[in-house]
Amino acid sequence: MVFSFRFVLFLSFVGVVVVSPSVRRVSVRRDDSAAQRRRTEEETSVRLCRDAPASSNQKSHVATVVDLPQEKSEQGIIHWAGNGSKTIFFLTQHGRRSLISTKLWRSTDYGLSFHDENYKFDSSTLIDQFYVSPAAGSTVIFADVVHSQIHVTTDEGQSFVSHVVEFNPSAIVFHPQNKNWALAKDSQSSNLYFTTNLGANWTRLAQSLVSKQSSAKIFSYYWAVPGIDTSVSLVYYEASPGIGGSVQLYSEDVLSPGSSLKHLKGSISSVPLVANSLIVVDEYVFVKAQIGSAVELHRSHNRGPFERAFFASVHPVTEYVIVDATEHQVFVAVRHFSNLTNVYSSDESGRFFTLCLQDVYVRERGKQWNTIPPLVSFYRVLGVRGVYIGNKYADRSGLQTMISFNKGGDWRLMEATSKTKQARKCSTDCHVHLHIWYPYSRSNDQGIFSSDNGVGILLAHGNVGKYLSSETSVLVSTDSGLTWTLSFADTDKDGSGFSFLLGDHGSYLALSEHYEKISDIQYSCNEGSNWTDVTLGDGGASGGFLVVNGMFTEPGETTEYAFAFCSRYDSKSAFVNWAVVQLNFTSLLQRKCQPNDYYLYEPSYEATGSKCLLGQRMTYERRKSNECCYNGVEYERGKLVSLCTCTAEDFECDYGYRKSFGSKTCVPIVGLNPWSPAEECVAKSAYNKTKGYRKVAGDRCSGGNVSAWTSNEVPCPVVVPSGLDLDSDIAGAGAVVGQPITFWLTQENGVTKKTAYKFSFGDGSDPIELTGFDLAAQQQHTFNESGNFTVVVAVSNSAGKSAASLKIKILDPIDRVVVLPPHAVTVGVEVKFSARALANAQPSYVGPVHFDWDFDDGSTPVLSPGRDVIHAFDYAREYRVAVAAYSPVATKANHAHVRVFQTAKTLSLGFSAAADVVRSSIDDLDLKLAAALVDDVAGVTGFPKSRFEAFVFPREAGASLSVDLSVVASSADEKGSVDTLFDKVKSAIAAKQVVVSIEGSAPILVTSSTEVTVNSGTTSGGGGSTSGGVNKLAVGLAVPAFLLILVLVLAFYWYSRRYKQLRSAFTILNHSPTDETPLALGADESDDDDDEAGRHAATISGRLQIHNVAADEDGDDDDDDDGSCDLFSFSSAEFASRPPPPRPGLCIDFAVAGVVSLTTTTFGFEFGDEGVFSFLRLGVFVFS
């Protein structure tokens, strides 16, 4: 019976298993059901299962089996604390979808016993993961995401300090050098935090990107690389600031957060970046851009500006993944088509890539390679420089394994030893083929094993023959992959695979079969020439058997101790408990190696016996294979290096060239122009004219006759400047008056040394004239007045002229917000609120302004792109209505008090001539006049002042005074008296009894009153008619007329909507995905004042019906659509992320409402290869 486990491999950016020098960790998840025995391809961590204090020990001469107590847990994570440490952590977890319980076990005796450490935490603690500092292996953070807690140890778990944090701590990343520094991401909000005191306090990064209306979602993030970055406290991260904002790159120093925030630009300034594509490794920073259905790689080298990378191919780049970026060179697997992936290698700058290995086998695990990296059959051999192994298709007949000893410059098939050929009885097609990712039909086990401390030794799954086979054996190479020996023939026919182990600098090897019932583990002390069984004992108390889940050694493979992590099953194949097997090879390697036990090993990398690799000859000290002695932890391998004379092997094809079929001559790629002189002449007066070759990155050869391969330096021709681009350090929304703005100029082509550059800023200031690109590349200017300006840089030399321009919006800050509330507001009636954002400068220009209204009634705040907003209140009381005005450069707030009544009747008043006299002589006349009017009317009528409200209209110079007086009822009990009181007020005014007295002025007589309707709108609830009688004849005539008009309006609306749908469907079905002009199906803009670039509220809606899918369900090519629609609706969050599968008759109703931050917003569906469209752009809405 075969028992399957789910493994989660810790992947680096290159998509291969990575164990850092200070960390050795394995994790396993147990699955008992037969339906779940196959591992899914979405997993990304190695999961183990069980540990505890030893209940029974079973010993052989080498192996000690420690059975752990029975405990309910499905998965676990195990970790060796570090070099020279005897401490091992084992975390067990119960709960497949969400954690139910966890337990931490710790061993301090190399795994001979484990002790329950849960008493050091609260009983409710649920440890999701733990993180080890690469700077100090004794420092570990255990994260409880559920309870927002972290538990920190600095002494390998002897004691813990616990901290409650304000976020859900996930994906913690320690600093590579400072054990007290760490980054952590909130698993819910995607905010990024840092600590400089080992978790006692956390500070949020990217805070300056956050405002009231928006947040900054963080994706990938990295610490600075010591020795490369100028500041070790720097952090690089991707963020999408704002609602629906695009992904941008930033750097920020944790020692000065906020003020140190820098927006990374260069070639990535004008392209849409892909989230979670940021990679920082050594001197390189990589990020991916999505251009339609193609992608682009952009990179920064030695922290210089970002530049687009180029692949020497005429095929489109639809996806890529970086598979290696060590030794000052980058290898990238590029998917051109669904059935073609090539691996390309770069120059030292990481920008220009040439073909390395064609038609490589790739096992995809998801459409987005940066989210779920594919398993690329491309492997870098550890311990020696420049050796790579890859699997490629051989004329689509099968897979063959190739090996290169010069970083992919040349590839060859791998050879079996003569002993292996005799065993296989083959003379032709006797090549060795390996499973780089193993097993052949499974997800993510590495099929090849090598180590930096085992120079020249490799163990692998594979076979001998013409092609790679699913029936595999264990093969061993002791010469860095040049030849291979068959160690176990036909040992794995079911695809379970082996775990490999190397320890004590290569003095012993060990292996064990995965997921199989075992009673022993095999080891070899003579580099795989012979293998010996290590017995694991009987079936224990349960009478069952062991299944090995994984094996590992102390970090660095320098000790004589190793471990196997097992599951124990009873005689009925039911899981019993976890077991740990300690392998102590000191009892086998009984003496320490002496000087005469070593020899000098010089790798030979070609059949000719050449011992030069990448321009140097390496000589290593190595233990003789027939001497079973141990090296010891303190052993340091001797190594000698001598440089070689340059030959053709030290060169590869330059960008734009490829090797001619059947030879090593590099010839131009048809349809791809190699770089022109302009590429280098942008910054130099001479350029290197290529001969089609370049030195392999990292090659150290010197001398030799290299004239046939090296380029010649020739003077640059005078070329007219082109490819100019002008950018600035402000967002497209604008800058505030008086703010210094930095402008950057880039130039792709043309000479620069003797080129003139003239900057004109359009604000009346004197232009800046410079000679030479170095001086002109960066300029700073300050605008002292608001407005729209066009900055122009004119460039010229003796070959011609060119220019670039940039529109700049300079805005005045908002100094105050004026709120114009309605008056005589009644329950259930919609009323209009107005606001104005004003600046002190005259004339002023504040740019597009959005207003955020809070009506103090429990309703959802309203974000309005215009000055006016409509609202209705449900209850009679006084409300504090607050409004905040947001411009691209400033924010200001204000409020107004509004009384809402059950009912109201209003009079428009006229006044005596005295009113015109006092208006210019009394401050705050409006407020004083309104208060005096209410006092006088209340006194005349005998009713309280609360029954009246006066509103004085703002008046321009020369206009007459206009005032409304309202009789109000604040409760249902008062409603009945409104009409009576209203008539009483009218009578008093008619009798000249209402006289307004204001201190410092003559009395003002109210001379007239006219009943008016105030705040008319749609009644949203309650209330009743205030009209007197009903004219039945009028009703009899009006009702049929109204119904007729309603029918006509509805008919017109239906036909216009149907016409619009048909027109949209016709436009879509006849629209090529490659058309430059996108489809525009409609957008509703809320305010005509917001035609500036910036933030806009928009609603996009429409319906799409799919026709003419390549093949209908009935197998023909006919359109079976009968006009009916299977509706498929999207919420705004799902709109762009969950396209439906195309099929005939499918309709998509979509409606997205929100705030659009970009100048241009595109919505669309991607259907892949199944439908007739690869991509549909359903509306591009331009706001400026």
# chains A, B, ... in the order shown; residues from 1 in each chain; ligands from 1
>>> residues_around(residues="region 154-156 of chain A", least_positions_apart="2", cutoff="7 Å", atoms="only C-alpha atoms", output="list in words")
Ala81, Thr87, Ser138, Thr139, Val140, Val152, Gln158 and Ser159 of chain A
>>> write_last_selection(atoms="C-alpha atoms", output="compact mmCIF listing (two decimals), in the first residue's frame")
# COMPACT_ATOMS: atom_id res chain seq x y z
CA ALA A 81 17.93 25.74 15.26
CA THR A 87 17.89 22.24 19.57
CA SER A 138 18.55 31.21 18.42
CA THR A 139 16.11 34.09 17.71
CA VAL A 140 12.68 32.89 16.58
CA VAL A 152 9.65 35.73 20.74
CA GLN A 158 14.21 28.34 26.78
CA SER A 159 12.11 31.47 27.42
>>> atom_distance(atom1="CA of His850 (chain A)", atom2="CA of Tyr250 (chain A)")
27.1 Å
>>> residues_around(residues="Ser507 (chain A)", least_positions_apart="4", cutoff="9 Å", atoms="only C-alpha atoms", output="short mmCIF file (atom, residue, chain, number, x, y, z; two decimals) with N, CA and C atoms, in the first residue's frame")
data_model
loop_
_atom_site.label_atom_id
_atom_site.label_comp_id
_atom_site.auth_asym_id
_atom_site.auth_seq_id
_atom_site.Cartn_x
_atom_site.Cartn_y
_atom_site.Cartn_z
N GLY A 454 29.39 19.23 -0.69
CA GLY A 454 29.68 17.94 -1.29
C GLY A 454 30.12 18.13 -2.73
N LEU A 502 23.07 14.16 2.37
CA LEU A 502 24.53 14.21 2.34
C LEU A 502 24.99 14.89 3.62
N GLY A 503 26.00 14.34 4.28
CA GLY A 503 26.43 14.93 5.54
C GLY A 503 27.94 14.90 5.69
N SER A 524 25.77 5.23 2.46
CA SER A 524 27.03 4.89 1.80
C SER A 524 28.11 5.82 2.31
N CYS A 525 29.29 5.27 2.61
CA CYS A 525 30.42 6.10 3.02
C CYS A 525 31.50 6.13 1.94
N ASN A 526 31.20 5.60 0.75
CA ASN A 526 32.17 5.62 -0.35
C ASN A 526 31.57 6.21 -1.62
N GLU A 527 30.81 7.30 -1.44
CA GLU A 527 30.25 8.10 -2.54
C GLU A 527 29.35 7.28 -3.46
N GLU A 560 27.69 14.89 11.68
CA GLU A 560 27.48 13.45 11.46
C GLU A 560 26.07 13.03 11.83
N LEU A 589 31.54 6.16 11.07
CA LEU A 589 32.76 6.89 10.70
C LEU A 589 33.58 7.06 11.97
N ARG A 623 37.98 13.96 0.15
CA ARG A 623 38.30 12.70 0.83
C ARG A 623 38.27 11.55 -0.16
N SER A 625 37.36 8.15 -1.67
CA SER A 625 36.06 7.48 -1.52
C SER A 625 36.15 6.17 -0.75
N GLU A 627 37.96 5.59 1.92
CA GLU A 627 38.33 5.82 3.30
C GLU A 627 37.11 6.28 4.08
N CYS A 628 36.54 5.41 4.91
CA CYS A 628 35.33 5.75 5.65
C CYS A 628 35.69 6.43 6.96
N CYS A 629 36.21 7.63 6.86
CA CYS A 629 36.52 8.46 8.03
C CYS A 629 35.66 9.71 7.98
N TYR A 630 35.63 10.48 9.07
CA TYR A 630 34.79 11.68 9.09
C TYR A 630 35.65 12.94 9.02
N ASN A 631 35.08 13.97 8.40
CA ASN A 631 35.79 15.24 8.24
C ASN A 631 35.70 16.11 9.50
#
